[in-house]
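Visitor: Below is the file my_file12.cif, which contains mmCIF, C-alpha atoms and all ligand atoms.
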data_data
loop_
_atom_site.group_PDB
_atom_site.id
_atom_site.type_symbol
_atom_site.label_atom_id
_atom_site.label_comp_id
_atom_site.auth_asym_id
_atom_site.auth_seq_id
_atom_site.Cartn_x
_atom_site.Cartn_y
_atom_site.Cartn_z
ATOM 1 C CA MET A 650 -6.680 -16.369 13.289
ATOM 2 C CA LYS A 651 -8.319 -13.877 10.940
ATOM 3 C CA ASN A 652 -11.081 -14.322 8.391
ATOM 4 C CA PHE A 653 -11.061 -12.327 5.170
ATOM 5 C CA THR A 654 -14.820 -11.927 4.874
ATOM 6 C CA ASP A 655 -15.355 -8.401 3.585
ATOM 7 C CA ILE A 656 -13.478 -5.152 3.093
ATOM 8 C CA LYS A 657 -15.668 -3.468 5.713
ATOM 9 C CA ASP A 658 -14.361 -5.988 8.264
ATOM 10 C CA ILE A 659 -10.703 -4.992 7.843
ATOM 11 C CA SER A 660 -8.869 -1.734 8.399
ATOM 12 C CA LYS A 661 -7.047 0.690 6.144
ATOM 13 C CA ASP A 662 -3.794 -0.525 7.745
ATOM 14 C CA ASP A 663 -4.686 -4.136 6.929
ATOM 15 C CA ILE A 664 -5.173 -3.159 3.290
ATOM 16 C CA GLU A 665 -1.848 -1.288 3.327
ATOM 17 C CA ASP A 666 -0.118 -4.338 4.850
ATOM 18 C CA ILE A 667 -1.540 -6.645 2.182
ATOM 19 C CA LEU A 668 -0.566 -4.273 -0.620
ATOM 20 C CA THR A 669 2.917 -3.623 0.754
ATOM 21 C CA ARG A 670 3.657 -7.316 1.118
ATOM 22 C CA THR A 671 2.391 -7.932 -2.419
ATOM 23 C CA LYS A 672 4.557 -5.178 -3.872
ATOM 24 C CA ASN A 673 7.618 -6.569 -2.042
ATOM 25 C CA GLU A 674 6.879 -10.107 -3.129
ATOM 26 C CA LYS A 675 6.459 -9.052 -6.755
ATOM 27 C CA LYS A 676 9.868 -7.422 -6.543
ATOM 28 C CA ILE A 677 11.374 -10.577 -5.042
ATOM 29 C CA ILE A 678 9.893 -12.600 -7.915
ATOM 30 C CA LYS A 679 11.230 -10.122 -10.483
ATOM 31 C CA ASP A 680 14.722 -10.096 -8.982
ATOM 32 C CA ASN A 681 15.142 -13.701 -7.885
ATOM 33 C CA GLY A 682 12.352 -15.793 -9.414
ATOM 34 C CA ILE A 683 9.234 -17.391 -7.970
ATOM 35 C CA GLN A 684 11.232 -19.915 -5.921
ATOM 36 C CA ALA A 685 12.494 -17.045 -3.761
ATOM 37 C CA ILE A 686 9.147 -16.245 -2.121
ATOM 38 C CA GLU A 687 8.424 -17.293 1.444
ATOM 39 C CA LYS A 688 6.967 -20.829 1.688
ATOM 40 C CA ILE A 689 4.464 -19.944 4.394
ATOM 41 C CA LEU A 690 2.170 -22.844 3.499
ATOM 42 C CA MET A 691 4.746 -25.630 3.680
ATOM 43 C CA GLY A 692 2.937 -28.713 5.016
ATOM 44 C CA LYS A 693 -0.420 -26.926 4.953
ATOM 45 C CA THR A 694 -3.578 -27.624 2.938
ATOM 46 C CA VAL A 695 -6.234 -25.213 1.718
ATOM 47 C CA ALA A 696 -9.792 -26.230 0.787
ATOM 48 C CA LEU A 697 -11.451 -24.266 -1.995
ATOM 49 C CA ILE A 698 -15.239 -24.605 -2.094
ATOM 50 C CA PHE A 699 -17.169 -23.495 -5.161
ATOM 51 C CA GLU A 700 -20.937 -23.208 -5.470
ATOM 52 C CA LYS A 701 -20.423 -21.138 -8.630
ATOM 53 C CA PRO A 702 -18.071 -21.424 -11.630
ATOM 54 C CA SER A 703 -14.667 -19.761 -11.536
ATOM 55 C CA THR A 704 -11.623 -19.411 -13.741
ATOM 56 C CA ARG A 705 -9.478 -16.710 -12.127
ATOM 57 C CA THR A 706 -10.302 -17.240 -8.453
ATOM 58 C CA ARG A 707 -9.835 -20.985 -8.589
ATOM 59 C CA VAL A 708 -6.636 -21.023 -10.619
ATOM 60 C CA SER A 709 -4.991 -18.016 -8.978
ATOM 61 C CA PHE A 710 -5.598 -19.458 -5.496
ATOM 62 C CA GLU A 711 -4.418 -22.937 -6.530
ATOM 63 C CA VAL A 712 -1.264 -21.606 -8.155
ATOM 64 C CA GLY A 713 -0.532 -19.067 -5.404
ATOM 65 C CA ILE A 714 -0.921 -21.710 -2.687
ATOM 66 C CA SER A 715 1.397 -24.078 -4.525
ATOM 67 C CA GLN A 716 3.950 -21.235 -4.879
ATOM 68 C CA GLN A 717 3.769 -20.828 -1.084
ATOM 69 C CA GLY A 718 4.519 -24.548 -0.570
ATOM 70 C CA GLY A 719 0.943 -25.614 0.246
ATOM 71 C CA SER A 720 -1.482 -28.005 -1.352
ATOM 72 C CA THR A 721 -5.159 -27.613 -2.234
ATOM 73 C CA THR A 722 -8.327 -29.607 -2.353
ATOM 74 C CA VAL A 723 -10.950 -28.126 -4.668
ATOM 75 C CA LEU A 724 -14.527 -28.974 -3.725
ATOM 76 C CA GLN A 725 -17.364 -28.241 -6.108
ATOM 77 C CA SER A 726 -20.334 -27.941 -3.773
ATOM 78 C CA SER A 727 -22.330 -30.349 -5.947
ATOM 79 C CA ASP A 728 -19.751 -33.068 -5.191
ATOM 80 C CA ILE A 729 -19.910 -32.802 -1.411
ATOM 81 C CA GLN A 730 -22.620 -33.571 1.126
ATOM 82 C CA LEU A 731 -23.596 -29.883 1.329
ATOM 83 C CA SER A 732 -25.578 -30.573 -1.839
ATOM 84 C CA ARG A 733 -27.512 -33.320 0.015
ATOM 85 C CA GLY A 734 -28.437 -31.116 2.925
ATOM 86 C CA GLU A 735 -25.495 -31.386 5.324
ATOM 87 C CA THR A 736 -25.446 -28.051 7.120
ATOM 88 C CA VAL A 737 -22.921 -25.316 6.462
ATOM 89 C CA ALA A 738 -21.999 -25.370 10.160
ATOM 90 C CA ASP A 739 -21.299 -29.127 10.235
ATOM 91 C CA THR A 740 -19.336 -28.920 6.984
ATOM 92 C CA ALA A 741 -17.227 -26.037 8.301
ATOM 93 C CA LYS A 742 -16.512 -27.813 11.600
ATOM 94 C CA VAL A 743 -15.405 -30.992 9.834
ATOM 95 C CA LEU A 744 -13.376 -29.437 7.028
ATOM 96 C CA SER A 745 -11.550 -27.083 9.358
ATOM 97 C CA ASN A 746 -10.264 -30.110 11.282
ATOM 98 C CA TYR A 747 -8.618 -31.345 8.075
ATOM 99 C CA VAL A 748 -7.264 -28.183 6.454
ATOM 100 C CA ASP A 749 -5.481 -24.988 7.479
ATOM 101 C CA LEU A 750 -7.499 -22.438 5.522
ATOM 102 C CA ILE A 751 -10.743 -22.363 3.531
ATOM 103 C CA VAL A 752 -11.698 -20.274 0.499
ATOM 104 C CA ILE A 753 -15.391 -20.236 -0.320
ATOM 105 C CA ARG A 754 -17.354 -18.929 -3.302
ATOM 106 C CA CYS A 755 -21.078 -19.214 -2.694
ATOM 107 C CA PHE A 756 -24.450 -17.814 -3.651
ATOM 108 C CA LYS A 757 -25.729 -16.445 -0.331
ATOM 109 C CA HIS A 758 -23.456 -14.111 1.584
ATOM 110 C CA GLN A 759 -24.778 -15.628 4.805
ATOM 111 C CA THR A 760 -23.364 -19.033 3.807
ATOM 112 C CA MET A 761 -19.854 -17.564 3.797
ATOM 113 C CA ILE A 762 -20.474 -15.866 7.171
ATOM 114 C CA ASP A 763 -21.879 -19.092 8.669
ATOM 115 C CA PHE A 764 -18.853 -20.940 7.331
ATOM 116 C CA ALA A 765 -16.499 -18.446 8.940
ATOM 117 C CA ASN A 766 -18.398 -18.561 12.246
ATOM 118 C CA ASN A 767 -18.133 -22.348 12.423
ATOM 119 C CA SER A 768 -14.635 -22.845 11.098
ATOM 120 C CA SER A 769 -11.616 -23.241 13.355
ATOM 121 C CA VAL A 770 -9.328 -22.041 10.539
ATOM 122 C CA PRO A 771 -9.423 -18.764 8.550
ATOM 123 C CA VAL A 772 -12.050 -18.392 5.836
ATOM 124 C CA ILE A 773 -11.559 -16.249 2.735
ATOM 125 C CA ASN A 774 -14.513 -14.893 0.766
ATOM 126 C CA GLY A 775 -13.959 -15.897 -2.868
ATOM 127 C CA LEU A 776 -17.169 -14.076 -3.951
ATOM 128 C CA THR A 777 -20.758 -14.094 -2.737
ATOM 129 C CA ASP A 778 -23.936 -12.478 -4.038
ATOM 130 C CA GLN A 779 -22.972 -9.428 -1.960
ATOM 131 C CA SER A 780 -19.250 -8.963 -2.320
ATOM 132 C CA HIS A 781 -15.946 -9.829 -3.969
ATOM 133 C CA PRO A 782 -13.268 -8.443 -1.661
ATOM 134 C CA CYS A 783 -10.268 -10.321 -3.168
ATOM 135 C CA GLN A 784 -11.069 -8.684 -6.507
ATOM 136 C CA VAL A 785 -11.219 -5.160 -5.147
ATOM 137 C CA ILE A 786 -8.014 -5.384 -3.083
ATOM 138 C CA SER A 787 -6.299 -6.739 -6.175
ATOM 139 C CA ASP A 788 -7.710 -3.918 -8.333
ATOM 140 C CA ILE A 789 -6.434 -1.352 -5.834
ATOM 141 C CA LEU A 790 -2.937 -2.757 -6.333
ATOM 142 C CA THR A 791 -3.320 -2.571 -10.115
ATOM 143 C CA ILE A 792 -4.463 1.047 -9.854
ATOM 144 C CA GLU A 793 -1.547 2.013 -7.598
ATOM 145 C CA GLU A 794 0.988 0.264 -9.840
ATOM 146 C CA ASN A 795 -0.268 2.145 -12.882
ATOM 147 C CA LYS A 796 -1.588 5.449 -11.570
ATOM 148 C CA GLY A 797 0.034 6.135 -8.220
ATOM 149 C CA HIS A 798 -1.627 6.333 -4.843
ATOM 150 C CA LEU A 799 -5.327 5.554 -4.619
ATOM 151 C CA SER A 800 -6.035 8.814 -2.798
ATOM 152 C CA LYS A 801 -5.110 10.750 -5.963
ATOM 153 C CA GLN A 802 -7.678 8.973 -8.154
ATOM 154 C CA ASN A 803 -11.329 9.490 -8.910
ATOM 155 C CA LEU A 804 -12.974 6.169 -9.618
ATOM 156 C CA LEU A 805 -16.154 5.480 -11.518
ATOM 157 C CA TRP A 806 -18.193 2.331 -11.078
ATOM 158 C CA ILE A 807 -20.552 2.141 -14.055
ATOM 159 C CA GLY A 808 -23.216 -0.451 -14.902
ATOM 160 C CA ASP A 809 -24.977 -2.849 -12.584
ATOM 161 C CA GLY A 810 -25.036 -2.192 -8.829
ATOM 162 C CA ASN A 811 -23.712 -5.649 -8.018
ATOM 163 C CA ASN A 812 -21.437 -7.524 -5.592
ATOM 164 C CA VAL A 813 -18.214 -6.004 -6.943
ATOM 165 C CA ALA A 814 -19.724 -2.501 -6.748
ATOM 166 C CA ARG A 815 -20.581 -3.152 -3.118
ATOM 167 C CA SER A 816 -16.999 -4.143 -2.328
ATOM 168 C CA TRP A 817 -15.842 -0.893 -3.964
ATOM 169 C CA LEU A 818 -18.265 1.016 -1.758
ATOM 170 C CA GLU A 819 -16.790 -0.745 1.271
ATOM 171 C CA ALA A 820 -13.297 0.135 0.030
ATOM 172 C CA SER A 821 -14.364 3.770 -0.133
ATOM 173 C CA THR A 822 -15.671 3.542 3.436
ATOM 174 C CA VAL A 823 -12.429 2.041 4.741
ATOM 175 C CA THR A 824 -9.895 4.033 2.680
ATOM 176 C CA ASN A 825 -11.937 7.155 1.845
ATOM 177 C CA LEU A 826 -11.206 6.642 -1.876
ATOM 178 C CA ASN A 827 -13.119 8.954 -4.196
ATOM 179 C CA LEU A 828 -15.863 6.868 -5.849
ATOM 180 C CA THR A 829 -18.762 7.714 -8.151
ATOM 181 C CA ILE A 830 -21.379 5.028 -8.668
ATOM 182 C CA CYS A 831 -23.340 5.264 -11.902
ATOM 183 C CA THR A 832 -26.142 2.751 -12.405
ATOM 184 C CA PRO A 833 -29.735 2.974 -13.575
ATOM 185 C CA LYS A 834 -31.841 4.022 -10.571
ATOM 186 C CA HIS A 835 -33.554 0.642 -10.196
ATOM 187 C CA LEU A 836 -30.243 -1.271 -10.342
ATOM 188 C CA SER A 837 -28.450 0.873 -7.797
ATOM 189 C CA LEU A 838 -27.024 -0.335 -4.509
ATOM 190 C CA SER A 839 -29.680 0.378 -1.887
ATOM 191 C CA ASP A 840 -30.096 3.940 -0.617
ATOM 192 C CA ASN A 841 -29.761 2.636 2.943
ATOM 193 C CA LEU A 842 -26.449 1.004 2.189
ATOM 194 C CA ILE A 843 -25.083 4.110 0.495
ATOM 195 C CA GLU A 844 -26.316 6.418 3.252
ATOM 196 C CA SER A 845 -24.847 4.272 6.008
ATOM 197 C CA SER A 846 -21.569 3.993 4.074
ATOM 198 C CA VAL A 847 -21.396 7.782 3.821
ATOM 199 C CA ARG A 848 -22.055 8.054 7.562
ATOM 200 C CA ASN A 849 -19.162 5.632 8.092
ATOM 201 C CA GLY A 850 -16.751 7.649 5.951
ATOM 202 C CA ALA A 851 -17.355 6.620 2.321
ATOM 203 C CA ASN A 852 -16.370 9.298 -0.163
ATOM 204 C CA VAL A 853 -19.076 8.362 -2.652
ATOM 205 C CA ILE A 854 -21.348 10.163 -5.098
ATOM 206 C CA VAL A 855 -24.288 8.594 -6.906
ATOM 207 C CA ASP A 856 -24.890 9.883 -10.424
ATOM 208 C CA HIS A 857 -27.276 8.077 -12.768
ATOM 209 C CA ASP A 858 -26.133 9.942 -15.900
ATOM 210 C CA PRO A 859 -23.263 8.045 -17.610
ATOM 211 C CA LYS A 860 -21.902 10.968 -19.644
ATOM 212 C CA ASN A 861 -21.827 13.264 -16.674
ATOM 213 C CA ALA A 862 -20.513 10.622 -14.277
ATOM 214 C CA ILE A 863 -17.538 9.602 -16.431
ATOM 215 C CA THR A 864 -16.354 13.164 -17.051
ATOM 216 C CA ASN A 865 -12.696 13.501 -15.986
ATOM 217 C CA LYS A 866 -12.629 10.194 -14.086
ATOM 218 C CA SER A 867 -9.191 8.575 -13.872
ATOM 219 C CA VAL A 868 -10.359 4.973 -13.382
ATOM 220 C CA VAL A 869 -13.439 3.512 -15.093
ATOM 221 C CA ILE A 870 -14.677 0.160 -13.788
ATOM 222 C CA THR A 871 -17.514 -2.022 -14.943
ATOM 223 C CA ASP A 872 -18.660 -5.639 -14.689
ATOM 224 C CA THR A 873 -21.121 -8.054 -16.228
ATOM 225 C CA TRP A 874 -24.787 -7.064 -16.339
ATOM 226 C CA ASN A 875 -25.783 -10.569 -15.250
ATOM 227 C CA SER A 876 -23.914 -11.831 -12.229
ATOM 228 C CA MET A 877 -23.899 -15.520 -11.363
ATOM 229 C CA GLY A 878 -27.140 -16.238 -9.554
ATOM 230 C CA ASP A 879 -29.043 -13.310 -11.098
ATOM 231 C CA GLY A 880 -31.149 -15.872 -12.956
ATOM 232 C CA SER A 881 -33.058 -14.634 -15.940
ATOM 233 C CA ALA A 882 -33.085 -10.950 -14.958
ATOM 234 C CA ASN A 883 -33.061 -9.046 -18.218
ATOM 235 C CA LYS A 884 -31.313 -5.773 -17.534
ATOM 236 C CA GLU A 885 -29.904 -5.202 -20.991
ATOM 237 C CA ASN A 886 -32.274 -2.483 -22.164
ATOM 238 C CA SER A 887 -31.787 -0.356 -19.082
ATOM 239 C CA LEU A 888 -28.035 -0.899 -19.034
ATOM 240 C CA MET A 889 -27.176 -0.274 -22.700
ATOM 241 C CA PRO A 890 -26.636 3.497 -22.089
ATOM 242 C CA TYR A 891 -24.074 2.468 -19.442
ATOM 243 C CA GLN A 892 -21.976 0.404 -21.856
ATOM 244 C CA VAL A 893 -18.314 1.395 -21.700
ATOM 245 C CA ASN A 894 -17.413 2.069 -25.320
ATOM 246 C CA LYS A 895 -14.842 4.217 -27.071
ATOM 247 C CA ASN A 896 -17.190 7.169 -27.318
ATOM 248 C CA LEU A 897 -17.985 7.165 -23.582
ATOM 249 C CA MET A 898 -14.297 6.671 -22.680
ATOM 250 C CA THR A 899 -13.373 9.890 -24.536
ATOM 251 C CA LYS A 900 -15.199 11.823 -21.788
ATOM 252 C CA ALA A 901 -13.024 10.327 -19.021
ATOM 253 C CA ALA A 902 -9.662 11.899 -18.166
ATOM 254 C CA LYS A 903 -7.176 11.617 -21.031
ATOM 255 C CA SER A 904 -4.972 9.252 -19.028
ATOM 256 C CA ALA A 905 -7.922 7.233 -17.688
ATOM 257 C CA VAL A 906 -7.628 3.481 -17.302
ATOM 258 C CA PHE A 907 -10.328 0.858 -17.743
ATOM 259 C CA MET A 908 -10.860 -2.092 -15.394
ATOM 260 C CA HIS A 909 -13.159 -5.131 -15.344
ATOM 261 C CA CYS A 910 -12.879 -8.130 -13.026
ATOM 262 C CA LEU A 911 -13.674 -10.521 -15.913
ATOM 263 C CA PRO A 912 -15.301 -12.554 -17.338
ATOM 264 C CA ALA A 913 -16.432 -9.806 -19.741
ATOM 265 C CA HIS A 914 -19.300 -9.901 -22.174
ATOM 266 C CA ARG A 915 -17.939 -7.982 -25.117
ATOM 267 C CA GLY A 916 -20.606 -5.886 -26.808
ATOM 268 C CA HIS A 917 -22.670 -5.711 -23.623
ATOM 269 C CA GLU A 918 -21.159 -3.917 -20.604
ATOM 270 C CA VAL A 919 -17.994 -3.093 -22.562
ATOM 271 C CA THR A 920 -16.889 -3.175 -26.159
ATOM 272 C CA GLY A 921 -13.965 -5.295 -27.343
ATOM 273 C CA GLU A 922 -12.320 -2.099 -28.529
ATOM 274 C CA VAL A 923 -12.108 -0.788 -24.938
ATOM 275 C CA ILE A 924 -10.954 -4.083 -23.385
ATOM 276 C CA ASP A 925 -8.213 -4.399 -25.989
ATOM 277 C CA SER A 926 -7.214 -0.721 -25.878
ATOM 278 C CA LYS A 927 -4.046 0.700 -24.342
ATOM 279 C CA GLN A 928 -6.180 2.149 -21.530
ATOM 280 C CA SER A 929 -7.280 -1.302 -20.406
ATOM 281 C CA LEU A 930 -5.723 -2.891 -17.320
ATOM 282 C CA VAL A 931 -7.962 -5.953 -17.328
ATOM 283 C CA PHE A 932 -5.342 -8.630 -17.972
ATOM 284 C CA GLU A 933 -2.784 -7.070 -15.677
ATOM 285 C CA GLY A 934 -5.557 -6.855 -13.093
ATOM 286 C CA ALA A 935 -6.382 -10.541 -13.501
ATOM 287 C CA GLU A 936 -2.716 -11.456 -12.954
ATOM 288 C CA ASN A 937 -2.612 -9.413 -9.771
ATOM 289 C CA ARG A 938 -5.268 -11.667 -8.234
ATOM 290 C CA LEU A 939 -2.520 -14.287 -7.934
ATOM 291 C CA HIS A 940 -0.076 -11.968 -6.199
ATOM 292 C CA VAL A 941 -2.556 -10.261 -3.883
ATOM 293 C CA GLN A 942 -4.204 -13.484 -2.731
ATOM 294 C CA ARG A 943 -0.864 -14.877 -1.545
ATOM 295 C CA SER A 944 -0.712 -11.822 0.712
ATOM 296 C CA ILE A 945 -4.326 -12.213 1.826
ATOM 297 C CA ILE A 946 -3.454 -15.774 2.905
ATOM 298 C CA TRP A 947 -0.391 -14.432 4.740
ATOM 299 C CA TRP A 948 -2.582 -11.811 6.457
ATOM 300 C CA CYS A 949 -5.109 -14.470 7.552
ATOM 301 C CA LEU A 950 -2.422 -16.711 9.038
ATOM 302 C CA ASN A 951 -0.553 -13.878 10.720
ATOM 303 C CA SER A 952 -1.905 -13.638 14.241
ATOM 304 C CA ASP A 953 -0.679 -10.180 15.356
HETATM 305 N N1 LIG B 1001 -12.925 -12.158 -11.501
HETATM 306 C C1 LIG B 1001 -13.192 -13.396 -11.048
HETATM 307 O O1 LIG B 1001 -13.391 -13.621 -9.858
HETATM 308 O O2 LIG B 1001 -13.194 -14.335 -12.021
HETATM 309 P P1 LIG B 1001 -13.677 -15.841 -11.876
HETATM 310 O O3 LIG B 1001 -15.171 -15.825 -11.792
HETATM 311 O O4 LIG B 1001 -13.196 -16.498 -13.154
HETATM 312 O O5 LIG B 1001 -13.063 -16.441 -10.659
HETATM 313 N N1 LIG B 1002 -20.397 -9.827 -10.610
HETATM 314 C C1 LIG B 1002 -19.870 -11.041 -11.178
HETATM 315 C C2 LIG B 1002 -18.422 -11.173 -10.869
HETATM 316 C C3 LIG B 1002 -17.765 -12.377 -11.478
HETATM 317 C C4 LIG B 1002 -16.318 -12.498 -11.085
HETATM 318 C C5 LIG B 1002 -20.642 -12.225 -10.649
HETATM 319 O O1 LIG B 1002 -20.951 -12.271 -9.456
HETATM 320 O O2 LIG B 1002 -20.962 -13.116 -11.462
#
Render the structure in this file as structure tokens.

Guide:
Amino acid sequence: MKNFTDIKDISKDDIEDILTRTKNEKKIIKDNGIQAIEKILMGKTVALIFEKPSTRTRVSFEVGISQQGGSTTVLQSSDIQLSRGETVADTAKVLSNYVDLIVIRCFKHQTMIDFANNSSVPVINGLTDQSHPCQVISDILTIEENKGHLSKQNLLWIGDGNNVARSWLEASTVTNLNLTICTPKHLSLSDNLIESSVRNGANVIVDHDPKNAITNKSVVITDTWNSMGDGSANKENSLMPYQVNKNLMTKAAKSAVFMHCLPAHRGHEVTGEVIDSKQSLVFEGAENRLHVQRSIIWWCLNSD
């Protein structure tokens, strides 16, 4: 049994295995239709727990699980006894006696870890305040499908130093991908985290100047300036110079692509013109969540 908690907890080979299976399965679907994929969840049930809203994560997991022959039970945390003080540990112990796998999206990262530590079935991180590993593995696939191998790219994370940025940093640590992180100084990932990532193999540069940082980058990635749970933090004034707009994109490599995990706030972190441009991979990226997560489930249930 394997949990999919964070990118730092898996290996480069694990990522390769997940991506290879996804590429093969996409080919099977293209050649023979969705019915042709392996029904690895036949007779199995997956619980999806949400403390935060979700469109893509919820629907892509529900649909992917059904394509694999499984069924789902979606639990908004406000509807279950967690909201009345039942502990995470008790909830995990009970639910994992009913279902075969658990996906959890929660505020505190520690909640997801506690869930995994107390569950007798695999737990998948569907986003926490610290990370969004399903998103980043899926984005790696989208990059490789459009641009070739990850090792040939130079990626820019621009905007807020948030949970998705942290998963990219972990991806750089595990795969050695070339990453530049460009945020205002006070919204950066912590110096300690970046320094320890570099010690562990991350190929990362921190550059606070957007125009300099984007120069010649092949992949430009941003995200909302206000993540779920940020509360009323008003970061807009400091982040406006980091907005991905047409003018800034002209400084990236000519063949650069733009990515965003969505939901986007057009006119804030990115302009509509960039999201809707030919350079944008955002909708293709969102579709890949479905395909990659089927493989993440396969990886969790595979006990080699
Ligand atoms: N990108 C992503 O995880 O979207 P949702 O919040 O809609 O699930
Ligand atoms: N950083 C965003 C990602 C949403 C998918 C958030 O946590 O709200």

Visitor: Check the smallest atom-to-atom distance from each of A:Asp872, A:Asp749, A:Glu674, A:Glu918 to ligand LIG 1001 (chain B) using all atoms listed in the file, then report the winner.

Guide: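 Looking at the shortest contact to ligand LIG 1001 (chain B), the residue is A:Asp872.
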
Visitor: Could you pull out the residues sitting within 12 Å of ligand LIG 1002 (chain B), using all atoms listed in the file, and write them as an mmCIF file with C-alpha atoms, in the coordinates of the input?

Guide:
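Produced file part-v2.cif, reproduced below:
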data_model
loop_
_atom_site.group_PDB
_atom_site.id
_atom_site.type_symbol
_atom_site.label_atom_id
_atom_site.label_comp_id
_atom_site.auth_asym_id
_atom_site.auth_seq_id
_atom_site.Cartn_x
_atom_site.Cartn_y
_atom_site.Cartn_z
ATOM 1 C CA GLU A 700 -20.937 -23.208 -5.470
ATOM 2 C CA LYS A 701 -20.423 -21.138 -8.630
ATOM 3 C CA PRO A 702 -18.071 -21.424 -11.630
ATOM 4 C CA SER A 703 -14.667 -19.761 -11.536
ATOM 5 C CA THR A 704 -11.623 -19.411 -13.741
ATOM 6 C CA ARG A 705 -9.478 -16.710 -12.127
ATOM 7 C CA THR A 706 -10.302 -17.240 -8.453
ATOM 8 C CA ARG A 707 -9.835 -20.985 -8.589
ATOM 9 C CA ARG A 754 -17.354 -18.929 -3.302
ATOM 10 C CA CYS A 755 -21.078 -19.214 -2.694
ATOM 11 C CA PHE A 756 -24.450 -17.814 -3.651
ATOM 12 C CA LYS A 757 -25.729 -16.445 -0.331
ATOM 13 C CA HIS A 758 -23.456 -14.111 1.584
ATOM 14 C CA GLY A 775 -13.959 -15.897 -2.868
ATOM 15 C CA LEU A 776 -17.169 -14.076 -3.951
ATOM 16 C CA THR A 777 -20.758 -14.094 -2.737
ATOM 17 C CA ASP A 778 -23.936 -12.478 -4.038
ATOM 18 C CA GLN A 779 -22.972 -9.428 -1.960
ATOM 19 C CA SER A 780 -19.250 -8.963 -2.320
ATOM 20 C CA HIS A 781 -15.946 -9.829 -3.969
ATOM 21 C CA PRO A 782 -13.268 -8.443 -1.661
ATOM 22 C CA CYS A 783 -10.268 -10.321 -3.168
ATOM 23 C CA GLN A 784 -11.069 -8.684 -6.507
ATOM 24 C CA VAL A 785 -11.219 -5.160 -5.147
ATOM 25 C CA GLY A 808 -23.216 -0.451 -14.902
ATOM 26 C CA ASP A 809 -24.977 -2.849 -12.584
ATOM 27 C CA GLY A 810 -25.036 -2.192 -8.829
ATOM 28 C CA ASN A 811 -23.712 -5.649 -8.018
ATOM 29 C CA ASN A 812 -21.437 -7.524 -5.592
ATOM 30 C CA VAL A 813 -18.214 -6.004 -6.943
ATOM 31 C CA ALA A 814 -19.724 -2.501 -6.748
ATOM 32 C CA ARG A 815 -20.581 -3.152 -3.118
ATOM 33 C CA SER A 816 -16.999 -4.143 -2.328
ATOM 34 C CA ILE A 870 -14.677 0.160 -13.788
ATOM 35 C CA THR A 871 -17.514 -2.022 -14.943
ATOM 36 C CA ASP A 872 -18.660 -5.639 -14.689
ATOM 37 C CA THR A 873 -21.121 -8.054 -16.228
ATOM 38 C CA TRP A 874 -24.787 -7.064 -16.339
ATOM 39 C CA ASN A 875 -25.783 -10.569 -15.250
ATOM 40 C CA SER A 876 -23.914 -11.831 -12.229
ATOM 41 C CA MET A 877 -23.899 -15.520 -11.363
ATOM 42 C CA GLY A 878 -27.140 -16.238 -9.554
ATOM 43 C CA ASP A 879 -29.043 -13.310 -11.098
ATOM 44 C CA GLY A 880 -31.149 -15.872 -12.956
ATOM 45 C CA HIS A 909 -13.159 -5.131 -15.344
ATOM 46 C CA CYS A 910 -12.879 -8.130 -13.026
ATOM 47 C CA LEU A 911 -13.674 -10.521 -15.913
ATOM 48 C CA PRO A 912 -15.301 -12.554 -17.338
ATOM 49 C CA ALA A 913 -16.432 -9.806 -19.741
ATOM 50 C CA HIS A 914 -19.300 -9.901 -22.174
ATOM 51 C CA GLU A 918 -21.159 -3.917 -20.604
ATOM 52 C CA ALA A 935 -6.382 -10.541 -13.501
ATOM 53 C CA ARG A 938 -5.268 -11.667 -8.234
#

Visitor: For the file shown, report as a PyMOL selection string the outcome of the PyMOL selection byres (((chain A and resi 850-854) around 6) and not hetatm) at residue level.

Guide: chain A and resi 821-822+825+827-829+846-849+855

Visitor: Kindly save the residues from that selection, with C-alpha atoms included, as a PDB file, in the coordinates of the input.

Guide:
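Contents of selection21.pdb, freshly written:
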ATOM      1  CA  SER A 821     -14.364   3.770  -0.133  1.00  0.00           C
ATOM      2  CA  THR A 822     -15.671   3.542   3.436  1.00  0.00           C
ATOM      3  CA  ASN A 825     -11.937   7.155   1.845  1.00  0.00           C
ATOM      4  CA  ASN A 827     -13.119   8.954  -4.196  1.00  0.00           C
ATOM      5  CA  LEU A 828     -15.863   6.868  -5.849  1.00  0.00           C
ATOM      6  CA  THR A 829     -18.762   7.714  -8.151  1.00  0.00           C
ATOM      7  CA  SER A 846     -21.569   3.993   4.074  1.00  0.00           C
ATOM      8  CA  VAL A 847     -21.396   7.782   3.821  1.00  0.00           C
ATOM      9  CA  ARG A 848     -22.055   8.054   7.562  1.00  0.00           C
ATOM     10  CA  ASN A 849     -19.162   5.632   8.092  1.00  0.00           C
ATOM     11  CA  VAL A 855     -24.288   8.594  -6.906  1.00  0.00           C
TER      12      VAL A 855
END

Visitor: Identify which of the residues A:Val893, A:Asp763, A:Ile863, A:Ile753 lies closest to ligand LIG 1001 (chain B), counting all atoms listed in the file when measuring atom-to-atom distances.

Guide: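 Nearest candidate to ligand LIG 1001 (chain B) out of A:Val893, A:Asp763, A:Ile863, A:Ile753: A:Ile753.
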
Visitor: Can you pull out every residue within 8 Å of Thr920 in chain A, counting all atoms listed in the file, but drop anything in the same chain fewer than 2 positions away, and send it as a list in words?

Guide: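 The contact residues come out as Gln892, Val893, Asn894, Lys895, Arg915, Gly916, His917, Glu918, Glu922, Val923 and Ile924 of chain A.
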
Visitor: Could you take the residues named above and write them with C-alpha atoms, as a short mmCIF file (atom, residue, chain, number, x, y, z; two decimals), in the frame of the given file?

Guide:
data_model
loop_
_atom_site.label_atom_id
_atom_site.label_comp_id
_atom_site.auth_asym_id
_atom_site.auth_seq_id
_atom_site.Cartn_x
_atom_site.Cartn_y
_atom_site.Cartn_z
CA GLN A 892 -21.98 0.40 -21.86
CA VAL A 893 -18.31 1.40 -21.70
CA ASN A 894 -17.41 2.07 -25.32
CA LYS A 895 -14.84 4.22 -27.07
CA ARG A 915 -17.94 -7.98 -25.12
CA GLY A 916 -20.61 -5.89 -26.81
CA HIS A 917 -22.67 -5.71 -23.62
CA GLU A 918 -21.16 -3.92 -20.60
CA GLU A 922 -12.32 -2.10 -28.53
CA VAL A 923 -12.11 -0.79 -24.94
CA ILE A 924 -10.95 -4.08 -23.38
#
